[in-house]
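One structure below.
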Amino acid sequence: MINTIKKAPFRADHVGSFLRPQALKDARAQYKNGQITKEALRALEDIEIARIVEKQKEVGLTAVTDGEFRRRWWHLDFIRAIEGIRVYEIDITGAFNGAMNKAEAYTVDSKLSFPKDHPFLEDFTYLKSIAGDHIAKITIPGPNMIFYSGVVGSEPYLNNPSYPSFDEVANDIIKVYQDAIQTFYDAGCRYLQLDDTSWGALFSDAFRDKIKSQGFDPDELVKKFADITVEAVANKPEDMAITLHICRGNFKSSWLYQGGYEPIAKELFSRVNVDAFFLEYDNERSGDFTPLRFIKDQHVVLGLITSKTPELEDKDEIIGRIKEATKYVNINQLCLSPQCGFASTEEGNILTEEEQWSKLRHVVRIAKEVWGQ
């Protein structure tokens with residue numbers, strides 16, 4: 001039997017978000033229209049989160065999330081509650097291969113700090129209260145989501161910077177995340193995932209060209225992204241697992257970035273001291289496994305099962321790909337998951353709830369066959 005894992009990530013794991021049930025969608029619409037109170041909406045969210053937690057236990061997962069059921073977006077709900085962030089609407093017609101036309105953007109508008117009463121803390125406390133003997137996992141956007149989209153890629157910030165230098169704003173972003181990590185730890189969190197799709201812009205040829213046109217060197221930004229992430233998790237408590245999830249975008253089964261990990265691999269995998277990387281590897285846009293040669297002692301959660309389509313992958317092909325990855329990473333450092341969540345936004349991907357659960361059962365079955373657990 002292959003060595004088992006006592007600490008997150010787990011052999012069969014998942015990224016975090018789940019398709020929103022119709023009852024929750026209806027309640028959100030009622031709240032928006034003023035038909036129910038915020039308290040009534042939250043009570044319904046509690047019920048649906050409890051249901052989704054029990055379902056995760058039923059399919060055999062060790063870590064459970066709240067499905068991100070209280071969020072509209074996987075990242076924005078967390079970021080907008082950070083002091084110093086301003087949110088505004090933008091037109092992004094044609095984004096995600098035409099699937100998205102309007103979005104809310106954010107910029108660093110004043111001095112940043114992590115509020116001790118951040119709403120995600122209450123959300124985690126409820127999740128932990130119903131997790132039982134399972135691990136309560138919280139997912140939040142990573143620090144470079146602020147540095148990239150809120151600073152170097154933000155036209156409002158570049159036109160009217162709120163900090164004297166990029167280094168100074170980067171230092172405050174680091175402090176925000178150090179404070180957030182400690183605050184979640186104090187609330188009982190032992191499994192925290194940083195979702196940071198901003199890395200995708202640094203291995204996508206189209207976005208690297210865009211970054212250059214804005215006057216930045218993408219290779220220098222790779223180093224800066226790594227610096228920020230390394231410092232953000234530098235004070236992580238020993239008994240807390242922190243993982244980093246990097247994918248190529250996920251909106252209604254569409255995507256934003258393409259390209260392999262090679263342009264970021266050395267800085268990311270050899271320097272960033274997280275417990276594991278959740279990596280998208282569900283199609284040819286993801287590239288091959290050779291960038292994994294830079295992995296040191298971190299675990300790698302191979303996102304070989306797609307959350308974008310309902311068809312179940314061939315089991316033997318998935319096992320073959322896991323074996324292929326062992327050319328670069330010891331099998332005891334590997335795990336399996338879908339490449340992303342099932343609903344990075346409230347709209348969700350194009351599959352049914354039952355198909356979603358079938359995907360996760362598939363992950364659990366394959367993991368048991370490969371690792372014997």
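Order determines the names: the first chain of the structure tokens is A, the second B, and so forth; residues in each chain are numbered 1 upward, and ligands are numbered 1 upward as they are shown.
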
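The neighbours of Val176 (chain A) here are the residues that come within 8 Å of it, using only C-alpha atoms and leaving out any residue fewer than 6 positions away in the same chain; they are Leu112, Ser113 and Phe114 of chain A.
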
Restricting the output to C-alpha atoms, write the selected residues as a PDB file, in the first residue's frame.
ATOM      1  CA  LEU A 112      -4.872  47.943   2.848  1.00  0.00           C
ATOM      2  CA  SER A 113      -5.629  45.963   5.995  1.00  0.00           C
ATOM      3  CA  PHE A 114      -7.433  42.770   6.927  1.00  0.00           C
TER       4      PHE A 114
END

Q: Would you list, as number ranges by chain, the residues of region 185-329 of chain A that end up in alpha helix (DSSP H) under DSSP run on this structure's backbone?
A: A: 185-186, 205-213, 218-232, 262-271, 315-325

Can you tell me, as a PDB file with N, CA, C and O atoms, in the first residue's frame, which residues in region 64-244 of chain A count as strand (DSSP E) by DSSP?
ATOM      1  N   VAL A  64     -14.147  18.947   3.635  1.00  0.00           N
ATOM      2  CA  VAL A  64     -15.434  19.469   3.165  1.00  0.00           C
ATOM      3  C   VAL A  64     -15.382  20.989   3.111  1.00  0.00           C
ATOM      4  O   VAL A  64     -14.721  21.626   3.922  1.00  0.00           O
ATOM      5  N   GLU A  83     -10.135  46.113   3.739  1.00  0.00           N
ATOM      6  CA  GLU A  83     -10.093  47.576   3.829  1.00  0.00           C
ATOM      7  C   GLU A  83      -9.081  48.128   2.827  1.00  0.00           C
ATOM      8  O   GLU A  83      -7.960  47.642   2.730  1.00  0.00           O
ATOM      9  N   GLY A  84      -9.514  49.137   2.063  1.00  0.00           N
ATOM     10  CA  GLY A  84      -8.656  49.744   1.064  1.00  0.00           C
ATOM     11  C   GLY A  84      -8.982  49.342  -0.362  1.00  0.00           C
ATOM     12  O   GLY A  84      -8.387  49.859  -1.311  1.00  0.00           O
ATOM     13  N   ILE A  85      -9.953  48.430  -0.540  1.00  0.00           N
ATOM     14  CA  ILE A  85     -10.358  47.965  -1.872  1.00  0.00           C
ATOM     15  C   ILE A  85     -11.597  48.720  -2.338  1.00  0.00           C
ATOM     16  O   ILE A  85     -12.542  48.917  -1.578  1.00  0.00           O
ATOM     17  N   ARG A  86     -11.593  49.136  -3.592  1.00  0.00           N
ATOM     18  CA  ARG A  86     -12.788  49.747  -4.204  1.00  0.00           C
ATOM     19  C   ARG A  86     -13.234  48.863  -5.373  1.00  0.00           C
ATOM     20  O   ARG A  86     -12.417  48.465  -6.203  1.00  0.00           O
ATOM     21  N   VAL A  87     -14.525  48.568  -5.440  1.00  0.00           N
ATOM     22  CA  VAL A  87     -15.096  47.718  -6.483  1.00  0.00           C
ATOM     23  C   VAL A  87     -15.904  48.574  -7.449  1.00  0.00           C
ATOM     24  O   VAL A  87     -16.602  49.501  -7.034  1.00  0.00           O
ATOM     25  N   TYR A  88     -15.797  48.260  -8.733  1.00  0.00           N
ATOM     26  CA  TYR A  88     -16.548  49.005  -9.754  1.00  0.00           C
ATOM     27  C   TYR A  88     -16.861  48.071 -10.918  1.00  0.00           C
ATOM     28  O   TYR A  88     -16.246  47.018 -11.073  1.00  0.00           O
ATOM     29  N   GLU A  89     -17.828  48.434 -11.734  1.00  0.00           N
ATOM     30  CA  GLU A  89     -18.255  47.575 -12.840  1.00  0.00           C
ATOM     31  C   GLU A  89     -17.500  47.911 -14.118  1.00  0.00           C
ATOM     32  O   GLU A  89     -17.189  49.075 -14.383  1.00  0.00           O
ATOM     33  N   ILE A  90     -17.184  46.865 -14.908  1.00  0.00           N
ATOM     34  CA  ILE A  90     -16.493  47.071 -16.178  1.00  0.00           C
ATOM     35  C   ILE A  90     -17.182  46.271 -17.280  1.00  0.00           C
ATOM     36  O   ILE A  90     -17.900  45.304 -17.024  1.00  0.00           O
ATOM     37  N   ASP A  91     -16.938  46.668 -18.518  1.00  0.00           N
ATOM     38  CA  ASP A  91     -17.417  45.955 -19.699  1.00  0.00           C
ATOM     39  C   ASP A  91     -16.272  45.072 -20.198  1.00  0.00           C
ATOM     40  O   ASP A  91     -15.192  45.571 -20.514  1.00  0.00           O
ATOM     41  N   ILE A  92     -16.488  43.760 -20.244  1.00  0.00           N
ATOM     42  CA  ILE A  92     -15.447  42.848 -20.729  1.00  0.00           C
ATOM     43  C   ILE A  92     -16.016  41.967 -21.837  1.00  0.00           C
ATOM     44  O   ILE A  92     -15.795  40.752 -21.871  1.00  0.00           O
ATOM     45  N   THR A  93     -16.748  42.578 -22.756  1.00  0.00           N
ATOM     46  CA  THR A  93     -17.390  41.856 -23.839  1.00  0.00           C
ATOM     47  C   THR A  93     -16.404  40.916 -24.534  1.00  0.00           C
ATOM     48  O   THR A  93     -15.323  41.331 -24.942  1.00  0.00           O
ATOM     49  N   GLY A  94     -16.797  39.650 -24.639  1.00  0.00           N
ATOM     50  CA  GLY A  94     -15.969  38.653 -25.314  1.00  0.00           C
ATOM     51  C   GLY A  94     -15.072  37.845 -24.406  1.00  0.00           C
ATOM     52  O   GLY A  94     -14.441  36.888 -24.850  1.00  0.00           O
ATOM     53  N   MET A 100     -18.687  35.805 -20.984  1.00  0.00           N
ATOM     54  CA  MET A 100     -18.852  36.860 -19.983  1.00  0.00           C
ATOM     55  C   MET A 100     -18.697  38.226 -20.658  1.00  0.00           C
ATOM     56  O   MET A 100     -17.771  38.438 -21.438  1.00  0.00           O
ATOM     57  N   ASN A 101     -19.601  39.137 -20.355  1.00  0.00           N
ATOM     58  CA  ASN A 101     -19.563  40.468 -20.952  1.00  0.00           C
ATOM     59  C   ASN A 101     -19.467  41.601 -19.935  1.00  0.00           C
ATOM     60  O   ASN A 101     -18.936  42.664 -20.228  1.00  0.00           O
ATOM     61  N   LYS A 102     -20.009  41.384 -18.738  1.00  0.00           N
ATOM     62  CA  LYS A 102     -19.945  42.387 -17.671  1.00  0.00           C
ATOM     63  C   LYS A 102     -19.320  41.749 -16.431  1.00  0.00           C
ATOM     64  O   LYS A 102     -19.494  40.562 -16.184  1.00  0.00           O
ATOM     65  N   ALA A 103     -18.595  42.538 -15.690  1.00  0.00           N
ATOM     66  CA  ALA A 103     -17.996  42.018 -14.460  1.00  0.00           C
ATOM     67  C   ALA A 103     -17.748  43.167 -13.503  1.00  0.00           C
ATOM     68  O   ALA A 103     -17.794  44.345 -13.885  1.00  0.00           O
ATOM     69  N   GLU A 104     -17.499  42.814 -12.257  1.00  0.00           N
ATOM     70  CA  GLU A 104     -17.067  43.791 -11.277  1.00  0.00           C
ATOM     71  C   GLU A 104     -15.550  43.663 -11.127  1.00  0.00           C
ATOM     72  O   GLU A 104     -15.025  42.563 -10.974  1.00  0.00           O
ATOM     73  N   ALA A 105     -14.864  44.785 -11.228  1.00  0.00           N
ATOM     74  CA  ALA A 105     -13.418  44.826 -11.045  1.00  0.00           C
ATOM     75  C   ALA A 105     -13.128  45.506  -9.714  1.00  0.00           C
ATOM     76  O   ALA A 105     -14.026  46.048  -9.061  1.00  0.00           O
ATOM     77  N   TYR A 106     -11.873  45.488  -9.313  1.00  0.00           N
ATOM     78  CA  TYR A 106     -11.493  46.108  -8.043  1.00  0.00           C
ATOM     79  C   TYR A 106     -10.117  46.739  -8.193  1.00  0.00           C
ATOM     80  O   TYR A 106      -9.319  46.361  -9.065  1.00  0.00           O
ATOM     81  N   THR A 107      -9.868  47.711  -7.340  1.00  0.00           N
ATOM     82  CA  THR A 107      -8.581  48.390  -7.344  1.00  0.00           C
ATOM     83  C   THR A 107      -8.190  48.719  -5.915  1.00  0.00           C
ATOM     84  O   THR A 107      -9.056  48.839  -5.033  1.00  0.00           O
ATOM     85  N   VAL A 108      -6.882  48.822  -5.680  1.00  0.00           N
ATOM     86  CA  VAL A 108      -6.400  49.254  -4.366  1.00  0.00           C
ATOM     87  C   VAL A 108      -6.542  50.771  -4.313  1.00  0.00           C
ATOM     88  O   VAL A 108      -5.832  51.499  -5.001  1.00  0.00           O
ATOM     89  N   ASP A 109      -7.487  51.221  -3.510  1.00  0.00           N
ATOM     90  CA  ASP A 109      -7.872  52.631  -3.500  1.00  0.00           C
ATOM     91  C   ASP A 109      -7.278  53.409  -2.329  1.00  0.00           C
ATOM     92  O   ASP A 109      -7.201  54.628  -2.371  1.00  0.00           O
ATOM     93  N   SER A 110      -6.877  52.690  -1.277  1.00  0.00           N
ATOM     94  CA  SER A 110      -6.284  53.328  -0.098  1.00  0.00           C
ATOM     95  C   SER A 110      -5.508  52.261   0.674  1.00  0.00           C
ATOM     96  O   SER A 110      -5.381  51.123   0.210  1.00  0.00           O
ATOM     97  N   LYS A 111      -5.013  52.600   1.837  1.00  0.00           N
ATOM     98  CA  LYS A 111      -4.166  51.668   2.589  1.00  0.00           C
ATOM     99  C   LYS A 111      -4.923  50.376   2.901  1.00  0.00           C
ATOM    100  O   LYS A 111      -6.053  50.395   3.374  1.00  0.00           O
ATOM    101  N   LEU A 112      -4.258  49.258   2.680  1.00  0.00           N
ATOM    102  CA  LEU A 112      -4.872  47.943   2.848  1.00  0.00           C
ATOM    103  C   LEU A 112      -4.712  47.413   4.263  1.00  0.00           C
ATOM    104  O   LEU A 112      -3.678  47.610   4.897  1.00  0.00           O
ATOM    105  N   SER A 113      -5.741  46.703   4.735  1.00  0.00           N
ATOM    106  CA  SER A 113      -5.629  45.963   5.995  1.00  0.00           C
ATOM    107  C   SER A 113      -6.718  44.910   6.030  1.00  0.00           C
ATOM    108  O   SER A 113      -7.754  45.031   5.371  1.00  0.00           O
ATOM    109  N   ILE A 135     -12.474  17.389   7.820  1.00  0.00           N
ATOM    110  CA  ILE A 135     -11.678  18.620   7.841  1.00  0.00           C
ATOM    111  C   ILE A 135     -12.446  19.741   7.155  1.00  0.00           C
ATOM    112  O   ILE A 135     -12.860  19.594   5.998  1.00  0.00           O
ATOM    113  N   ALA A 136     -12.638  20.845   7.864  1.00  0.00           N
ATOM    114  CA  ALA A 136     -13.312  22.011   7.284  1.00  0.00           C
ATOM    115  C   ALA A 136     -12.292  22.826   6.488  1.00  0.00           C
ATOM    116  O   ALA A 136     -11.327  23.349   7.047  1.00  0.00           O
ATOM    117  N   ILE A 138     -11.387  26.015   3.983  1.00  0.00           N
ATOM    118  CA  ILE A 138     -11.823  27.323   3.516  1.00  0.00           C
ATOM    119  C   ILE A 138     -10.986  27.713   2.298  1.00  0.00           C
ATOM    120  O   ILE A 138      -9.787  27.451   2.253  1.00  0.00           O
ATOM    121  N   THR A 139     -11.621  28.288   1.295  1.00  0.00           N
ATOM    122  CA  THR A 139     -10.925  28.753   0.092  1.00  0.00           C
ATOM    123  C   THR A 139     -11.040  30.270   0.014  1.00  0.00           C
ATOM    124  O   THR A 139     -12.131  30.826   0.196  1.00  0.00           O
ATOM    125  N   ILE A 140      -9.905  30.921  -0.255  1.00  0.00           N
ATOM    126  CA  ILE A 140      -9.904  32.375  -0.442  1.00  0.00           C
ATOM    127  C   ILE A 140      -9.005  32.708  -1.629  1.00  0.00           C
ATOM    128  O   ILE A 140      -8.100  31.936  -1.954  1.00  0.00           O
ATOM    129  N   PRO A 141      -9.209  33.834  -2.295  1.00  0.00           N
ATOM    130  CA  PRO A 141      -8.316  34.215  -3.392  1.00  0.00           C
ATOM    131  C   PRO A 141      -6.917  34.505  -2.870  1.00  0.00           C
ATOM    132  O   PRO A 141      -6.744  35.000  -1.763  1.00  0.00           O
ATOM    133  N   TYR A 191      -7.008  23.953   7.314  1.00  0.00           N
ATOM    134  CA  TYR A 191      -6.850  23.686   5.876  1.00  0.00           C
ATOM    135  C   TYR A 191      -7.357  24.903   5.118  1.00  0.00           C
ATOM    136  O   TYR A 191      -8.568  25.134   5.030  1.00  0.00           O
ATOM    137  N   LEU A 192      -6.429  25.672   4.584  1.00  0.00           N
ATOM    138  CA  LEU A 192      -6.775  26.895   3.862  1.00  0.00           C
ATOM    139  C   LEU A 192      -6.179  26.817   2.463  1.00  0.00           C
ATOM    140  O   LEU A 192      -5.014  26.475   2.291  1.00  0.00           O
ATOM    141  N   GLN A 193      -6.986  27.140   1.476  1.00  0.00           N
ATOM    142  CA  GLN A 193      -6.554  27.112   0.078  1.00  0.00           C
ATOM    143  C   GLN A 193      -6.559  28.508  -0.509  1.00  0.00           C
ATOM    144  O   GLN A 193      -7.542  29.241  -0.389  1.00  0.00           O
ATOM    145  N   LEU A 194      -5.454  28.879  -1.130  1.00  0.00           N
ATOM    146  CA  LEU A 194      -5.346  30.144  -1.850  1.00  0.00           C
ATOM    147  C   LEU A 194      -5.610  29.873  -3.323  1.00  0.00           C
ATOM    148  O   LEU A 194      -4.868  29.131  -3.963  1.00  0.00           O
ATOM    149  N   ASP A 195      -6.676  30.457  -3.864  1.00  0.00           N
ATOM    150  CA  ASP A 195      -6.982  30.340  -5.288  1.00  0.00           C
ATOM    151  C   ASP A 195      -6.369  31.547  -5.992  1.00  0.00           C
ATOM    152  O   ASP A 195      -6.756  32.685  -5.710  1.00  0.00           O
ATOM    153  N   ALA A 241      -2.388  23.419   7.100  1.00  0.00           N
ATOM    154  CA  ALA A 241      -2.041  23.171   5.706  1.00  0.00           C
ATOM    155  C   ALA A 241      -2.533  24.331   4.851  1.00  0.00           C
ATOM    156  O   ALA A 241      -3.696  24.734   4.948  1.00  0.00           O
ATOM    157  N   ILE A 242      -1.643  24.860   4.029  1.00  0.00           N
ATOM    158  CA  ILE A 242      -2.018  25.897   3.068  1.00  0.00           C
ATOM    159  C   ILE A 242      -1.649  25.403   1.678  1.00  0.00           C
ATOM    160  O   ILE A 242      -0.512  24.990   1.427  1.00  0.00           O
ATOM    161  N   THR A 243      -2.617  25.410   0.784  1.00  0.00           N
ATOM    162  CA  THR A 243      -2.391  24.976  -0.587  1.00  0.00           C
ATOM    163  C   THR A 243      -2.648  26.135  -1.541  1.00  0.00           C
ATOM    164  O   THR A 243      -3.309  27.114  -1.193  1.00  0.00           O
ATOM    165  N   LEU A 244      -2.111  26.013  -2.753  1.00  0.00           N
ATOM    166  CA  LEU A 244      -2.263  27.048  -3.778  1.00  0.00           C
ATOM    167  C   LEU A 244      -2.871  26.422  -5.018  1.00  0.00           C
ATOM    168  O   LEU A 244      -2.323  25.467  -5.578  1.00  0.00           O
TER     169      LEU A 244
END

Q. Between A:Leu336, A:Val233, A:Asp133, A:Phe10, which is the closest to Gln182 (chain A) once you count only C-alpha atoms?
A.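 Closest candidate: A:Val233.
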
**Q.** Distance criterion (only C-alpha atoms): nearest to Leu41 (chain A) out of A:Phe147, A:Phe18, A:Phe69, A:Tyr185
**A.**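 Nearest candidate to Leu41 (chain A) out of A:Phe147, A:Phe18, A:Phe69, A:Tyr185: A:Phe69.
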
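With only C-alpha atoms as the atoms that count, the minimum distance from Pro9 (chain A) to the choices A:Leu360, A:Leu304, A:Ala63, A:Ala187 is reached by A:Ala63.
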